[in-house]
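*Asks:* File name model-v9.cif; file contents mmCIF, C-alpha atoms; full text below.
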data_run
#
loop_
_atom_site.label_atom_id
_atom_site.label_comp_id
_atom_site.auth_asym_id
_atom_site.auth_seq_id
_atom_site.Cartn_x
_atom_site.Cartn_y
_atom_site.Cartn_z
CA MET P 254 -110.86 -60.20 -56.81
CA PHE P 255 -109.57 -59.65 -60.35
CA SER P 256 -112.52 -61.54 -61.86
CA VAL P 257 -115.01 -59.63 -59.74
CA ILE P 258 -113.63 -56.25 -60.85
CA MET P 259 -113.23 -57.22 -64.51
CA ARG P 260 -116.81 -58.54 -64.71
CA ASN P 261 -117.90 -54.91 -64.60
CA PRO P 262 -117.93 -53.46 -68.16
CA LYS P 263 -117.08 -49.98 -66.84
CA PHE P 264 -113.68 -51.39 -65.76
CA CYS P 265 -113.19 -54.13 -68.35
CA LYS P 266 -113.79 -52.02 -71.47
CA PRO P 267 -111.31 -49.21 -70.61
CA PHE P 268 -108.80 -51.84 -69.44
CA LEU P 269 -108.90 -53.51 -72.87
CA GLU P 270 -108.84 -50.17 -74.70
CA ARG P 271 -105.70 -49.05 -72.86
CA ILE P 272 -103.85 -52.31 -73.37
CA LEU P 273 -104.74 -52.65 -77.05
CA GLY P 274 -104.65 -48.96 -77.94
CA ILE P 275 -108.05 -49.19 -79.65
CA LYS P 276 -111.55 -47.89 -79.10
CA ILE P 277 -114.18 -50.55 -78.42
CA SER P 278 -117.74 -49.43 -79.09
CA ARG P 279 -119.29 -51.89 -76.69
CA ILE P 280 -118.63 -55.19 -75.01
CA GLU P 281 -121.06 -57.92 -74.23
CA TYR P 282 -121.29 -58.47 -70.52
CA PRO P 283 -118.04 -60.07 -69.38
CA ARG P 284 -118.35 -63.62 -68.15
CA SER P 285 -116.03 -64.76 -65.43
CA GLN P 286 -114.99 -68.34 -64.93
CA GLU P 287 -116.22 -69.27 -68.43
CA THR P 288 -115.68 -73.01 -68.84
CA ILE P 289 -114.93 -74.52 -72.22
CA ASP P 290 -115.34 -78.28 -72.07
CA ILE P 291 -115.21 -79.78 -75.57
CA SER P 292 -115.44 -83.47 -74.68
CA ALA P 293 -115.48 -85.71 -71.62
CA ASP P 294 -111.94 -87.02 -72.21
CA ALA P 295 -110.34 -83.69 -73.21
CA LYS P 296 -108.73 -81.15 -70.89
CA SER P 297 -111.15 -78.29 -70.28
CA VAL P 298 -110.31 -74.68 -69.44
CA ARG P 299 -111.90 -72.21 -67.07
CA LEU P 300 -111.24 -68.71 -68.37
CA ASP P 301 -111.02 -65.90 -65.79
CA ILE P 302 -112.72 -63.32 -68.03
CA TYR P 303 -114.31 -63.98 -71.44
CA VAL P 304 -115.61 -60.92 -73.32
CA GLU P 305 -116.97 -60.35 -76.83
CA ASP P 306 -117.46 -57.01 -78.53
CA GLY P 307 -119.83 -56.01 -81.28
CA LYS P 308 -117.19 -56.50 -83.99
CA GLU P 309 -116.66 -60.27 -83.87
CA THR P 310 -113.71 -60.10 -81.46
CA VAL P 311 -113.18 -62.28 -78.39
CA TYR P 312 -111.03 -61.28 -75.42
CA ASN P 313 -109.78 -63.66 -72.73
CA ILE P 314 -108.14 -62.02 -69.71
CA GLU P 315 -106.29 -64.10 -67.11
CA MET P 316 -104.60 -63.06 -63.88
CA GLN P 317 -101.42 -65.00 -63.07
CA THR P 318 -99.54 -64.63 -59.80
CA THR P 319 -97.52 -67.87 -59.95
CA GLU P 320 -94.56 -68.25 -62.32
CA ASN P 321 -94.40 -72.01 -62.88
CA ARG P 322 -97.60 -72.37 -64.89
CA ASN P 323 -96.32 -73.00 -68.46
CA LEU P 324 -97.77 -69.72 -69.73
CA PRO P 325 -96.58 -69.88 -73.36
CA LYS P 326 -98.20 -73.31 -73.83
CA ARG P 327 -101.28 -72.22 -71.85
CA THR P 328 -101.80 -69.23 -74.18
CA ARG P 329 -101.64 -71.63 -77.12
CA TYR P 330 -104.11 -74.06 -75.52
CA TYR P 331 -106.53 -71.34 -74.47
CA GLN P 332 -106.45 -69.90 -77.99
CA GLY P 333 -107.25 -73.29 -79.47
CA MET P 334 -110.07 -73.94 -77.01
CA ILE P 335 -111.62 -70.54 -77.73
CA ASP P 336 -111.51 -71.35 -81.45
CA LEU P 337 -113.09 -74.78 -80.89
CA ASN P 338 -115.81 -73.11 -78.85
CA ILE P 339 -116.59 -70.61 -81.65
CA LEU P 340 -116.90 -72.97 -84.62
CA GLU P 341 -119.64 -75.54 -85.00
CA LYS P 342 -119.40 -78.61 -87.21
CA GLY P 343 -119.67 -77.53 -90.84
CA ASP P 344 -118.77 -73.87 -90.18
CA ASN P 345 -116.23 -72.18 -92.42
CA TYR P 346 -112.86 -71.23 -90.91
CA LYS P 347 -113.53 -67.63 -91.96
CA ASP P 348 -116.16 -67.62 -89.21
CA LEU P 349 -113.42 -67.71 -86.55
CA LYS P 350 -113.46 -64.45 -84.63
CA ARG P 351 -110.47 -62.25 -84.01
CA SER P 352 -109.16 -63.11 -80.56
CA PHE P 353 -106.88 -61.85 -77.84
CA VAL P 354 -105.54 -63.98 -75.00
CA ILE P 355 -104.19 -61.64 -72.32
CA PHE P 356 -102.28 -62.82 -69.26
CA VAL P 357 -101.78 -60.23 -66.53
CA CYS P 358 -98.72 -61.32 -64.54
CA THR P 359 -97.18 -60.14 -61.29
CA PHE P 360 -93.77 -61.26 -62.57
CA ASP P 361 -91.64 -60.83 -65.69
CA LEU P 362 -92.02 -64.13 -67.56
CA PHE P 363 -89.29 -63.31 -70.10
CA GLY P 364 -86.93 -61.28 -67.89
CA GLU P 365 -86.56 -58.38 -70.34
CA GLY P 366 -88.07 -55.70 -68.09
CA ARG P 367 -90.99 -54.95 -70.41
CA HIS P 368 -94.45 -54.10 -69.09
CA ILE P 369 -96.08 -55.60 -72.17
CA TYR P 370 -95.11 -58.43 -74.53
CA THR P 371 -97.31 -58.83 -77.62
CA PHE P 372 -97.17 -61.92 -79.83
CA GLU P 373 -98.64 -62.54 -83.27
CA ASN P 374 -97.81 -65.30 -85.75
CA ARG P 375 -95.11 -64.07 -88.15
CA CYS P 376 -92.94 -65.63 -90.84
CA ILE P 377 -89.44 -66.46 -89.58
CA GLN P 378 -87.85 -65.72 -92.96
CA ASN P 379 -89.71 -62.42 -93.29
CA PRO P 380 -90.89 -61.01 -89.95
CA GLU P 381 -92.80 -58.30 -91.83
CA LEU P 382 -95.11 -61.03 -93.16
CA GLY P 383 -97.88 -61.78 -90.69
CA LEU P 384 -99.90 -64.97 -90.95
CA GLY P 385 -103.15 -63.02 -90.69
CA ASP P 386 -104.88 -65.55 -88.45
CA ASP P 387 -106.33 -62.75 -86.26
CA THR P 388 -104.84 -64.09 -83.02
CA THR P 389 -102.85 -62.06 -80.53
CA LYS P 390 -101.38 -63.10 -77.22
CA ILE P 391 -100.35 -60.45 -74.71
CA ILE P 392 -98.41 -60.88 -71.49
CA LEU P 393 -98.65 -57.88 -69.15
CA ASN P 394 -96.03 -57.59 -66.45
CA THR P 395 -96.45 -55.48 -63.32
CA LYS P 396 -92.72 -55.71 -62.60
CA GLY P 397 -91.60 -54.00 -65.82
CA THR P 398 -88.75 -51.51 -65.64
CA MET P 399 -88.63 -50.23 -69.24
CA ASP P 400 -90.24 -47.03 -70.42
CA ASP P 401 -92.41 -49.03 -72.84
CA VAL P 402 -95.94 -47.94 -71.91
CA THR P 403 -97.55 -44.53 -71.71
CA PRO P 404 -97.67 -42.85 -68.30
CA GLU P 405 -101.47 -43.16 -68.44
CA MET P 406 -101.29 -46.92 -69.07
CA ASN P 407 -98.75 -47.31 -66.31
CA ARG P 408 -100.90 -45.34 -63.87
CA ILE P 409 -104.29 -46.73 -64.82
CA VAL P 410 -103.51 -50.31 -65.83
CA ILE P 411 -100.19 -51.49 -64.39
CA GLU P 412 -100.49 -49.81 -60.98
CA LYS P 413 -104.13 -50.90 -60.56
CA ILE P 414 -103.19 -54.48 -61.43
CA LYS P 415 -100.51 -54.40 -58.75
CA GLU P 416 -103.12 -53.29 -56.23
CA ILE P 417 -105.55 -56.03 -57.29
CA ALA P 418 -102.80 -58.67 -57.25
CA GLU P 419 -101.98 -57.83 -53.65
CA LEU P 420 -105.60 -58.69 -52.77
CA GLN P 421 -105.51 -62.07 -54.57
CA PRO P 422 -105.46 -65.19 -52.40
CA VAL P 423 -102.24 -67.18 -52.74
#
For this file, write the structure as structure tokens.
*Replies:*
Amino acid sequence: MFSVIMRNPKFCKPFLERILGIKISRIEYPRSQETIDISADAKSVRLDIYVEDGKETVYNIEMQTTENRNLPKRTRYYQGMIDLNILEKGDNYKDLKRSFVIFVCTFDLFGEGRHIYTFENRCIQNPELGLGDDTTKIILNTKGTMDDVTPEMNRIVIEKIKEIAELQPV
């Protein structure tokens, strides 16, 4: 159900804009169940929703209703597979697109009560220093209890996700 709804740009674009707090001029038609299969002996991935915008940015949106799925490592693997899919042999690393891997969860993976957890690569010795690799991983949580999102985001994004999740097959 989630993939069916998010395939529609009139739902997908505002969803991304609310989560990221940005305006997206347009998105290329979302593809659901996008498979990235690099080689016959490598683990492939099937992405729930794969979207590109007109500004060299890629968005991967995943719905997760089961807790024991190694989400931190999966975000890392999905990010790497997206990058491998973007670059061709001989391309320059600067050709990698900005990317967001977003997991929409019906549980609180980290147990802090947040609705949204955003991760970027930062220097341990100086957290103000970002790596600048243009990758972001976001974990949305429908079970959040903190006042950490706007009322509009809570109403439009979090509550709608809860409704969709209830319709998902187990």
*Asks:* What gap, in Å, lies between atom CA of Ile392 of chain P and atom CA of Asn261 of chain P?
*Replies:* 21.5 Å
*Asks:* Counting only C-alpha atoms, which residues in segment 381-421 of chain P sit no more than 10 Å from segment 331-349 of chain P? For each one, give the nearest pair of atoms and the distance in Å, sorted by chain then residue number, as a Markdown table.
*Replies:*
| residue | atom | partner | partner_atom | distance |
| --- | --- | --- | --- | --- |
| P:Asp386 | CA | P:Leu349 | CA | 9.0 |
| P:Asp387 | CA | P:Leu349 | CA | 8.7 |
| P:Thr388 | CA | P:Gln332 | CA | 7.9 |
| P:Thr389 | CA | P:Gln332 | CA | 9.0 |
| P:Lys390 | CA | P:Gln332 | CA | 8.5 |
*Asks:* Can you tell me, as a list in words, which residues sit within 9 Å of (-108.4, -73.7, -67.0) in the file's frame, using only C-alpha atoms?
*Replies:*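 Residues close enough to count: Gln286, Thr288, Ile289, Lys296, Ser297, Val298, Arg299, Leu300, Asp301, Arg327 and Tyr331 of chain P.
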*Asks:* Closest to Asn407 of chain P among P:Val311, P:Ile377, P:Leu393, P:Ile280, using only C-alpha atoms?
*Replies:*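 Closest candidate: P:Leu393.
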*Asks:* Up to 12 Å from (-96.5, -70.0, -70.5) in the file's coordinates: name the residues, counting all atoms listed in the file, as a list in words.
*Replies:*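 Neighbouring residues, ordered by chain and number, come to Glu315, Gln317, Thr319, Glu320, Asn321, Arg322, Asn323, Leu324, Pro325, Lys326, Arg327, Thr328, Arg329, Tyr330, Tyr331, Val354, Ile355, Phe356, Val357, Cys358, Asp361, Leu362, Phe363, Lys390, Ile391 and Ile392 of chain P.
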*Asks:* Calculate how many Å separate atom CA of Glu419 of chain P from atom CA of Ser352 of chain P, rounding to one decimal.
*Replies:*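 Going from atom CA of Glu419 of chain P over to atom CA of Ser352 of chain P covers 28.3 Å.
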*Asks:* Written as a VMD selection string, which residues does the PyMOL selection byres ((chain P and resi 265) around 12) give for the file shown?
*Replies:* chain P and resid 255 to 264 266 to 272 277 279 to 285 302 to 306 312 to 314 410
*Asks:* In Å to one decimal, how far is atom CA of Lys276 of chain P from atom CA of Met316 of chain P?
*Replies:* 22.6 Å
*Asks:* Extract, using only C-alpha atoms, all DNA, RNA and protein residues at most 12 Å from Glu365 of chain P, discarding same-chain residues fewer than 6 positions from it, and format them as a list in words.
*Replies:*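 So, after excluding close chain neighbours, the residues are Asn394, Lys396, Gly397, Thr398, Met399, Asp400 and Asp401 of chain P.
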